[in-house]
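Report on the structure given below.
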Amino acid sequence: DSDRKKILLVRLSAMGDVIFTIPLANALTSAGYDVTWLVSEKGFSLVKNNPCVNKVILAPVEKWKKSKNKIKNFLEYLSIIRSIRKEKFDIALDTQLILKSLLWMKFCGAKRRIVARNYREFAIFGGNEVMDATRVGFEPHAVKSYLKYAEYLGIEVDDDDIKVTLPDTSD
């Protein structure tokens, strides 16, 4: 549906944090957003074929770390950025909030690139919209912290709505 706003969710790694971000993806999808998730190898299996997302883009960060061919890595990075920009995202959300998410956010081409003020490693420079410092990272649980992005976008989420979906692995 072309009327649905397109969101790029940037949460590359830390398997636990990928799991804790799934309720945010569910909230966004339930609110009618078309969700694409940019993720590294560590969390790929958790979001591939997951009903909480419409599309998954793999950023092969672990492969790049092991590779000696920095030029090939950089060209692959540029290719992924080019394909992300073609998607013409309305919104990008940085739930990683570190240096490795900054560049993805900065060059993704989304009209709104939302970061939280409690960033690390200059991640704030990837955004063009900064959520209030009290919004993310100060909840008793990471799930509620990540759901602050949904609230920021005007999506009401109550505790009954919080769910972690797992991908269909039947194929």
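By order in the structure tokens, chains are A, B, ...; within a chain, residues start at 1; ligands start at 1, following the order shown.
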
Pull the alpha helix (DSSP H) assignments for segment 54-115 of chain A out of DSSP run on the backbone, and list those residues as a PyMOL selection string. chain A and resi 61-66+70-86+99-107

Would you export the selected residues with C-alpha atoms as a tab-separated table (two decimals), in the first residue's frame, please?
```tsv
chain	number	residue	atom	x	y	z
A	61	VAL	CA	29.28	-6.18	9.63
A	62	GLU	CA	30.84	-9.39	10.96
A	63	LYS	CA	31.97	-10.41	7.48
A	64	TRP	CA	33.51	-6.97	6.96
A	65	LYS	CA	35.39	-7.19	10.27
A	66	LYS	CA	37.00	-10.48	9.19
A	70	LYS	CA	38.67	-2.96	2.79
A	71	ILE	CA	37.96	-1.62	-0.69
A	72	LYS	CA	35.55	-4.48	-1.45
A	73	ASN	CA	33.88	-3.92	1.95
A	74	PHE	CA	33.48	-0.21	1.25
A	75	LEU	CA	32.02	-0.85	-2.20
A	76	GLU	CA	29.55	-3.33	-0.71
A	77	TYR	CA	28.61	-0.74	1.94
A	78	LEU	CA	28.00	1.85	-0.79
A	79	SER	CA	25.86	-0.63	-2.72
A	80	ILE	CA	23.70	-1.27	0.35
A	81	ILE	CA	23.39	2.48	1.01
A	82	ARG	CA	22.33	2.98	-2.63
A	83	SER	CA	19.61	0.33	-2.32
A	84	ILE	CA	18.42	1.85	0.99
A	85	ARG	CA	18.21	5.32	-0.57
A	86	LYS	CA	16.11	3.91	-3.45
A	99	LEU	CA	29.09	5.09	15.74
A	100	LYS	CA	28.26	2.10	13.53
A	101	SER	CA	24.65	3.28	13.19
A	102	LEU	CA	25.58	6.93	12.57
A	103	LEU	CA	26.69	6.41	8.96
A	104	TRP	CA	23.70	4.26	8.07
A	105	MET	CA	21.39	6.93	9.46
A	106	LYS	CA	23.27	9.86	7.91
A	107	PHE	CA	23.19	8.45	4.39
```

Tell me which protein, DNA and RNA residues are within 8 Å of Lys55 of chain A, counting only C-alpha atoms, leaving out same-chain ones fewer than 2 positions away, and put them as an MDAnalysis selection string. chainID A and resid 35:37 48 53 57

For Val130 of chain A, list every protein, DNA or RNA residue within 8 Å, evaluated using only C-alpha atoms, and leave out those in the same chain fewer than 5 positions away; present the list as a list in words. Ile114, Val115, Ala116, Arg117 and Ile124 of chain A

Go ahead and write the residues just picked, all heavy atoms, as a PDB file, in the first residue's frame.
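This went into part39.pdb:
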```
ATOM      1  N   ILE A 114      15.518   9.937  13.201  1.00  0.00           N
ATOM      2  CA  ILE A 114      15.288  10.179  14.625  1.00  0.00           C
ATOM      3  C   ILE A 114      16.291   9.414  15.483  1.00  0.00           C
ATOM      4  O   ILE A 114      16.447   8.198  15.347  1.00  0.00           O
ATOM      5  CB  ILE A 114      13.842   9.786  14.996  1.00  0.00           C
ATOM      6  CG1 ILE A 114      12.846  10.595  14.140  1.00  0.00           C
ATOM      7  CG2 ILE A 114      13.586  10.003  16.485  1.00  0.00           C
ATOM      8  CD1 ILE A 114      11.410  10.122  14.225  1.00  0.00           C
ATOM      9  N   VAL A 115      16.951  10.152  16.358  1.00  0.00           N
ATOM     10  CA  VAL A 115      17.889   9.585  17.326  1.00  0.00           C
ATOM     11  C   VAL A 115      17.464  10.070  18.715  1.00  0.00           C
ATOM     12  O   VAL A 115      16.727  11.043  18.843  1.00  0.00           O
ATOM     13  CB  VAL A 115      19.352   9.985  17.038  1.00  0.00           C
ATOM     14  CG1 VAL A 115      19.806   9.479  15.685  1.00  0.00           C
ATOM     15  CG2 VAL A 115      19.554  11.484  17.141  1.00  0.00           C
ATOM     16  N   ALA A 116      17.945   9.398  19.742  1.00  0.00           N
ATOM     17  CA  ALA A 116      17.687   9.827  21.114  1.00  0.00           C
ATOM     18  C   ALA A 116      18.885  10.617  21.610  1.00  0.00           C
ATOM     19  O   ALA A 116      20.024  10.368  21.201  1.00  0.00           O
ATOM     20  CB  ALA A 116      17.429   8.616  22.005  1.00  0.00           C
ATOM     21  N   ARG A 117      18.626  11.562  22.481  1.00  0.00           N
ATOM     22  CA  ARG A 117      19.687  12.432  22.976  1.00  0.00           C
ATOM     23  C   ARG A 117      20.740  11.668  23.789  1.00  0.00           C
ATOM     24  O   ARG A 117      21.879  12.090  23.864  1.00  0.00           O
ATOM     25  CB  ARG A 117      19.084  13.555  23.819  1.00  0.00           C
ATOM     26  CG  ARG A 117      20.084  14.639  24.125  1.00  0.00           C
ATOM     27  CD  ARG A 117      19.478  15.871  24.737  1.00  0.00           C
ATOM     28  NE  ARG A 117      18.400  16.474  23.972  1.00  0.00           N
ATOM     29  CZ  ARG A 117      18.555  17.236  22.886  1.00  0.00           C
ATOM     30  NH1 ARG A 117      19.752  17.466  22.418  1.00  0.00           N
ATOM     31  NH2 ARG A 117      17.519  17.759  22.278  1.00  0.00           N
ATOM     32  N   ILE A 124      24.452  11.045  17.426  1.00  0.00           N
ATOM     33  CA  ILE A 124      23.492  12.137  17.251  1.00  0.00           C
ATOM     34  C   ILE A 124      23.631  12.791  15.870  1.00  0.00           C
ATOM     35  O   ILE A 124      22.663  13.277  15.297  1.00  0.00           O
ATOM     36  CB  ILE A 124      23.626  13.186  18.386  1.00  0.00           C
ATOM     37  CG1 ILE A 124      22.392  14.085  18.421  1.00  0.00           C
ATOM     38  CG2 ILE A 124      24.909  13.976  18.249  1.00  0.00           C
ATOM     39  CD1 ILE A 124      22.313  14.950  19.658  1.00  0.00           C
TER      40      ILE A 124
END
```

Could you pull out all residues of chain A with a DSSP call of strand (DSSP E) and give them as a list in words?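 Matching residues for strand (DSSP E) in chain A are Lys6, Ile7, Leu8, Leu9, Val10, Asp34, Val35, Thr36, Trp37, Leu38, Val39, Lys55, Val56, Ile57, Leu58, Ile91, Ala92, Leu93, Asp94, Arg112, Arg113, Ile114, Val115, Ala116, Glu129, Val130 and Met131 of chain A.
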
Show which residues sit within 12 Å of segment 24-27 of chain A, as a PyMOL selection string. Count only C-alpha atoms, and ignore same-chain residues fewer than 4 positions away. chain A and resi 7-11+17-20+31-38+47+50-56+93-95+142-166

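Distance check against Ala59 of chain A using only C-alpha atoms: of A:Ser13, A:Gln96, A:Thr29, A:Asn118, the minimum falls on A:Ser13.
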
Taken to one decimal, the atom CA of Leu46 of chain A-atom CA of Leu28 of chain A distance is 17.0 Å
